[in-house]
Amino acid sequence: MSAGDILSALRAGARPRAASLWQTRPVAEPAAALLLALLLDDQPRAAALLPHVTAEAVSDAAARLGLPAAVAAPDFASAMLCFAERPDAEALRVDVAARLLVAQEPALGEAVLLPAWRGAASSVLIARALSGTWMLLGRPGQALEAARIAGEAAPQAPEIQAHLAGLLLQAGQPAAALLACGRALGADPQAHQALRLASSALLELGQPAEAIATANRAAQLAPVHAPHAELIRVAHAAEIAQPRTNASALGASAEWARPPSRLPRRRPPPLFAALRARLRVVEALLLREARTQFSNSRLGYAWALVEPMSHVILLSVVFTLLGRDSRPPIGDSMLEFYMTGVLSFLFFAHVTERAMDLAHANRHMLAVPAIGVFDLLAARAVLSASTDLVVAALTVGLLIALGVGGLPADAAGIVSGYALLFGLGLGVALVNVVASAYSTAWEKLWPSFLRVQYFTCGVFYHPLDMPEEVRGFVLLNPLVHVTEWMRQAYFPHYVSPFLDPEYLLRWVVVMLLAGSLLFVAAQRRLRRHG
C-alpha cells in the first residue's frame with residue numbers, strides 16, 4: 001500500500017524517500033492523500049483535495065493507516081482540515097504537531113514543523129515546538145539550538161526560558177541555565193518551574209543552601225515540586241530546617257535571578273572532599289531507601305526475618321515427607337545445615353535482584369545532577385547486605401534458642417565469606433543494572449536464573465552426595481564454593497574438600513572488573529534510561 005509506505009518513511013525520519021514515493025506512487029483515496037499532503041507540506045495538492053474530504057473521512061483514513069486513536073479522533077481531523085485551509089498559519093501548524101506529539105508520533109510532528117523552520121530566523125512558536133519535538137526524538141543538540149533561538153527571541157517568556165534552562169542543565173551548563181531561570185523569574189516571580197530548575201543549577205554550582213531554599217520555595221508555590229525539594233536535600237545529605245523565605249526574596253529581587261556581570265566558575269573539589277561528599281550522598285540515599293523499603297508496612301522488618309526461616313523450615317518439611325534420612329551430611333541438625341546455605345544464597349539474590357531496573361525506577365532521583373546511578377546502586381546494595389547480615393544473626397540466634405544450632409566455629413571466616421559474597425554480588429549487580437537498561441526481558445530472565453541457582457548452589461545437598469561427573473560441573477558454580485566456605489566456617493572440625501578460595505576470588509575480581517567496565521561504558525544510556 002503506497003500510503004502506508006509513505007507514512008512508514010516519515011515515521012522513520014526518511015523525509016526525502018517519503019517525498020519520492022509521494023511523487024511516484026500517487027495515493028488515490030482523497031482523505032489519506034490529504035493527510036499525507038499536509039505531512040509532506042504539499043500545499044497545492046492539499047488545496048485541491050480539501051473540497052472533497054470531510055472530517056469523518058480523515059478519521060477513517062487515519063485509522064486505516066494504523067495511526068494512534070488520538071490521531072484518528074474527530075478533533076484531530078478537524079484540526080487537520082483547519083490547517084489545510086490555512087497552511088501559512090503557524091499556530092495551526094503547531095497545534096497539529098502538538099497533537100501528534102501527544103499521540104506519541106514525534107517523527108510526524110517534526111514532519112509538520114520542519115517546512116516552517118528557518119534556523120535563526122524562525123519564529124518563537126516554531127522554534128519552541130521543534131525544540132520539544134527534537135528532545136522527544138533524542139536529539140539534545142538540535143533541541144538546545146532551537147531553544148536558544150526561541151529564548152533569544154522571547155527573553156521575557158517564562159515558559160520558554162524555563163524550557164531553555166532545562167536543556168542547558170542536561171547539557172552540563174548550570175551557570176547558563178541559572179541565567180535563563182533568572183530571566184523567567186524576572187518576568188514572573190511565581191514561575192515555580194523556573195525555581196525548580198534554578199535549585200538544580202545552584203546545586204551544580206556548589207551553593208547547596210541557596211539550592212535548598214529555592215527548591216523549598218518552588219514546593220510552596222506548587223506542591224508537585226515537593227519531592228524535588230526532598231531530592232535536593234538528599235543530594236547533599238542536608239536534612240536541615242531552612243529559614244523561612246518570603247516570595248520577594250526568591251522572586252524578581254533575588255540577586256541570583258539577575259544576570260551577573262560574569263558567570264561564576266566552579267572549582268573542582270579536592271579528592272578527599274569529593275569522596276566525603278559522595279559518601280554523604282550514599283548515606284542519605286541509604287536512609288531514604290530504608291524508609292521506603294520498610295516503613296510503609298508494619299510487616300516490612302518482620303518479613304526480612306520470616307523469609308529465610310520459611311526457606312529452612314520448608315526444605316526440612318519437604319525432605320522429611322520425601323523420606324530422606326534426617327541425618328544431615330554435616331552437623332547434627334538439618335535446620336542448621338539448610339540455614340548455612342539459605343542465608344548466603346538469599347544474601348546474593350537480594351543484592352543482585354534489587355539492582356534490576358534501578359535507573360528507570362529512580363528516574364525522579366536522577367533529575368538531581370548531584371545523584372548518580374552508582375550512588376543509588378551503592379545505597380541499595382549496602383542496605384540489602386546490612387539487612388541480610390542482621391537477619392542472619394537473628395536466624396542463628398533463633399536456632400540457638402530452639403536448641404538446634406550453635407555459634408559459628410570461625411567467626412572471621414564467616415565475615416570474610418560474606419565480604420567475598422558481597423563483592424561477587426556487587427559485580428553481578430553492576431551487570432544487571434546495565435542489562436536491564438538495554439532490555440526489559442532481563443528483569444524476567446535474572447529471577448528465573450536465580451531459581452535455577454537455588455537448586456545448583458548446594459543449599460540442600462552436599463557435593464559428596466552427587467555423582468562424580470555431575471559434581472565436576474556443579475563445582476564450576478562460584479556459589480557452591482561460597483556455600484562450602486560458610487559451612488566450613490560454621491561447623492567445627494569440618495574442612496571442605498571442594499572449597500577453592502582462589503577460584504572464588506578470581507570470580508569476584510572478574511565480575512567486579514566486568515561490571516565496572518560495562519557500567520562506565522553505559523553511563524549515558526543509564527542516565528537517559530532513567
# chains A, B, ... in the order shown; residues from 1 in each chain; ligands from 1
>>> residues_around(residues="Ala355 of chain A", least_positions_apart="4", cutoff="12 Å", atoms="only C-alpha atoms", output="PyMOL selection string")
chain A and resi 348-351+359-362+373-384+425-437+442-443+446-447
>>> residues_around(residues="segment 474-483 of chain A", least_positions_apart="2", cutoff="9 Å", atoms="only C-alpha atoms", output="MDAnalysis selection string")
chainID A and resid 340:342 344:345 348 417:418 420:421 453 456:459 463 470:472 485:488 498:501 503:504 507:508
>>> residues_around(residues="Ala198 of chain A", least_positions_apart="5", cutoff="9 Å", atoms="only C-alpha atoms", output="ChimeraX atom specification")
/A:165,174,177-182,193,203,211,214-215,257
>>> residues_around(residues="segment 217-232 of chain A", least_positions_apart="5", cutoff="6 Å", atoms="only C-alpha atoms", output="list in words")
His192, Leu195 and Arg196 of chain A
>>> atom_distance(atom1="atom CA of Phe455 of chain A", atom2="atom CA of Gly406 of chain A")
25.6 Å
>>> closest_residue(among="A:Pro308, A:Gly405, A:Pro30, A:Gly166", to="Ser333 of chain A", atoms="only C-alpha atoms")
A:Gly405
>>> atom_distance(atom1="atom CA of Leu40 of chain A", atom2="atom CA of Ala111 of chain A")
6.8 Å
>>> select_by_dssp(residues="segment 82-253 of chain A", states="alpha helix (DSSP H)", output="JSON, numbers by chain")
{"A": [82, 83, 84, 85, 90, 91, 92, 93, 94, 95, 96, 97, 98, 99, 100, 101, 102, 106, 107, 108, 109, 110, 111, 112, 113, 124, 125, 126, 127, 128, 129, 130, 131, 132, 133, 134, 135, 136, 140, 141, 142, 143, 144, 145, 146, 147, 148, 149, 150, 151, 152, 153, 158, 159, 160, 161, 162, 163, 164, 165, 166, 167, 168, 169, 170, 174, 175, 176, 177, 178, 179, 180, 181, 182, 183, 184, 185, 186, 187, 192, 193, 194, 195, 196, 197, 198, 199, 200, 201, 202, 203, 204, 208, 209, 210, 211, 212, 213, 214, 215, 216, 217, 218, 219, 220, 221, 226, 227, 228, 229, 230, 231, 232, 233, 234, 235]}
>>> closest_residue(among="A:Pro140, A:Ser131, A:Ser516, A:Asp188", to="Glu159 of chain A", atoms="only C-alpha atoms")
A:Asp188
>>> residues_around(residues="Ile160 of chain A", least_positions_apart="6", cutoff="12 Å", atoms="only C-alpha atoms", output="PyMOL selection string")
chain A and resi 124-129+131-132+144+146-154+166-167+180-181+183-185+187+191+193-194
>>> closest_residue(among="A:Ala213, A:Val282, A:Met334, A:Val71", to="Phe460 of chain A", atoms="only C-alpha atoms")
A:Met334
>>> closest_residue(among="A:Leu49, A:Ala157, A:Ala273, A:Leu202", to="Ala176 of chain A", atoms="only C-alpha atoms")
A:Leu202
